[in-house]
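**Student:** This is the structure I have questions about; it appears just below.
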Amino acid sequence: MDIAALITWVVAALGGFYMLGTWIQRGGIRQQQTGTSRLPAPVVFGHFALAALGLVVWIIYVVADKTALAWTAFGLLLPVALLGFVMLARWIPVCRDRDRATATPAAAGAEGTVPAERHFPLPVVLAHGLLAVVTLVLVLLTALGIGGS
């Protein structure tokens, strides 16, 4: 089960890297000053940093098989999940605005006022979230000793 968690974590991270790269490339950091982006940079980078740190701890756990490391990785995943839900909640209105703008091109507004996160593909967001939930459950089950290591 630990390898399954590692695989889902890595695949979720790939989707996260894609969205982080898109957000940065589309001006998400610059938009913090103008208030255009609904995703605060500390939340975005905190989510990324804690998830990356947790993944490193999980890799060490897979090699060392120490229960304390599994619980540490799980503990790191909890704020990662919380920050992820915060970003999802703030992204949903942006996604709805994108759908409205697609339906009525005149409502799209100037390119400078389009939030960077509007460019996140819905399938990537959904897959990232689903894989994150699966990872969290697999890490918890492994830490509890269910399913073997």
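By order of appearance in the structure tokens: chains A, B, ..., then residues from 1 within every chain, and ligands from 1 in the order shown.
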Please provide the set of residues having any atom within 10 Å of range 127-135 of chain A, restricted to only C-alpha atoms, with same-chain residues fewer than 4 positions apart removed, written as a ChimeraX atom specification.
**Tutor:** /A:2,4-16,19,51,74,77,80-81,84-85,88,122-123,139-141
**Student:** Can you list, as JSON, numbers by chain, all residues belonging to chain A that DSSP tags as helix (DSSP H, G or I)?
**Tutor:** {"A": [2, 3, 4, 5, 6, 7, 8, 9, 10, 11, 12, 13, 14, 15, 16, 17, 18, 19, 20, 21, 22, 23, 24, 25, 31, 32, 33, 34, 41, 42, 43, 44, 45, 46, 47, 48, 49, 50, 51, 52, 53, 54, 55, 56, 57, 58, 59, 60, 61, 62, 63, 64, 67, 68, 69, 70, 71, 72, 73, 74, 75, 76, 77, 78, 79, 80, 81, 82, 83, 84, 85, 86, 87, 88, 89, 90, 91, 92, 93, 94, 95, 96, 97, 98, 99, 100, 101, 102, 103, 105, 106, 107, 108, 111, 112, 113, 116, 117, 118, 119, 122, 123, 124, 125, 126, 127, 128, 129, 130, 131, 132, 133, 134, 135, 136, 137, 138, 139, 140, 141, 142, 143]}
**Student:** Find the residue from A:Val114, A:Leu69, A:Leu83, A:Leu55 that sits nearest to Pro42 in chain A; use only C-alpha atoms when measuring.
**Tutor:**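 Looking at the shortest contact to Pro42 in chain A, the residue is A:Leu83.
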**Student:** To one decimal in Å, tell me the separation between CA of Val94 in chain A and CA of Arg118 in chain A.
**Tutor:**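 These atoms are spaced 5.9 Å apart.
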**Student:** What is the CA of Gly27 in chain A to CA of Ala116 in chain A distance in Å?
**Tutor:**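 Distance reported for this atom pair: 5.9 Å.
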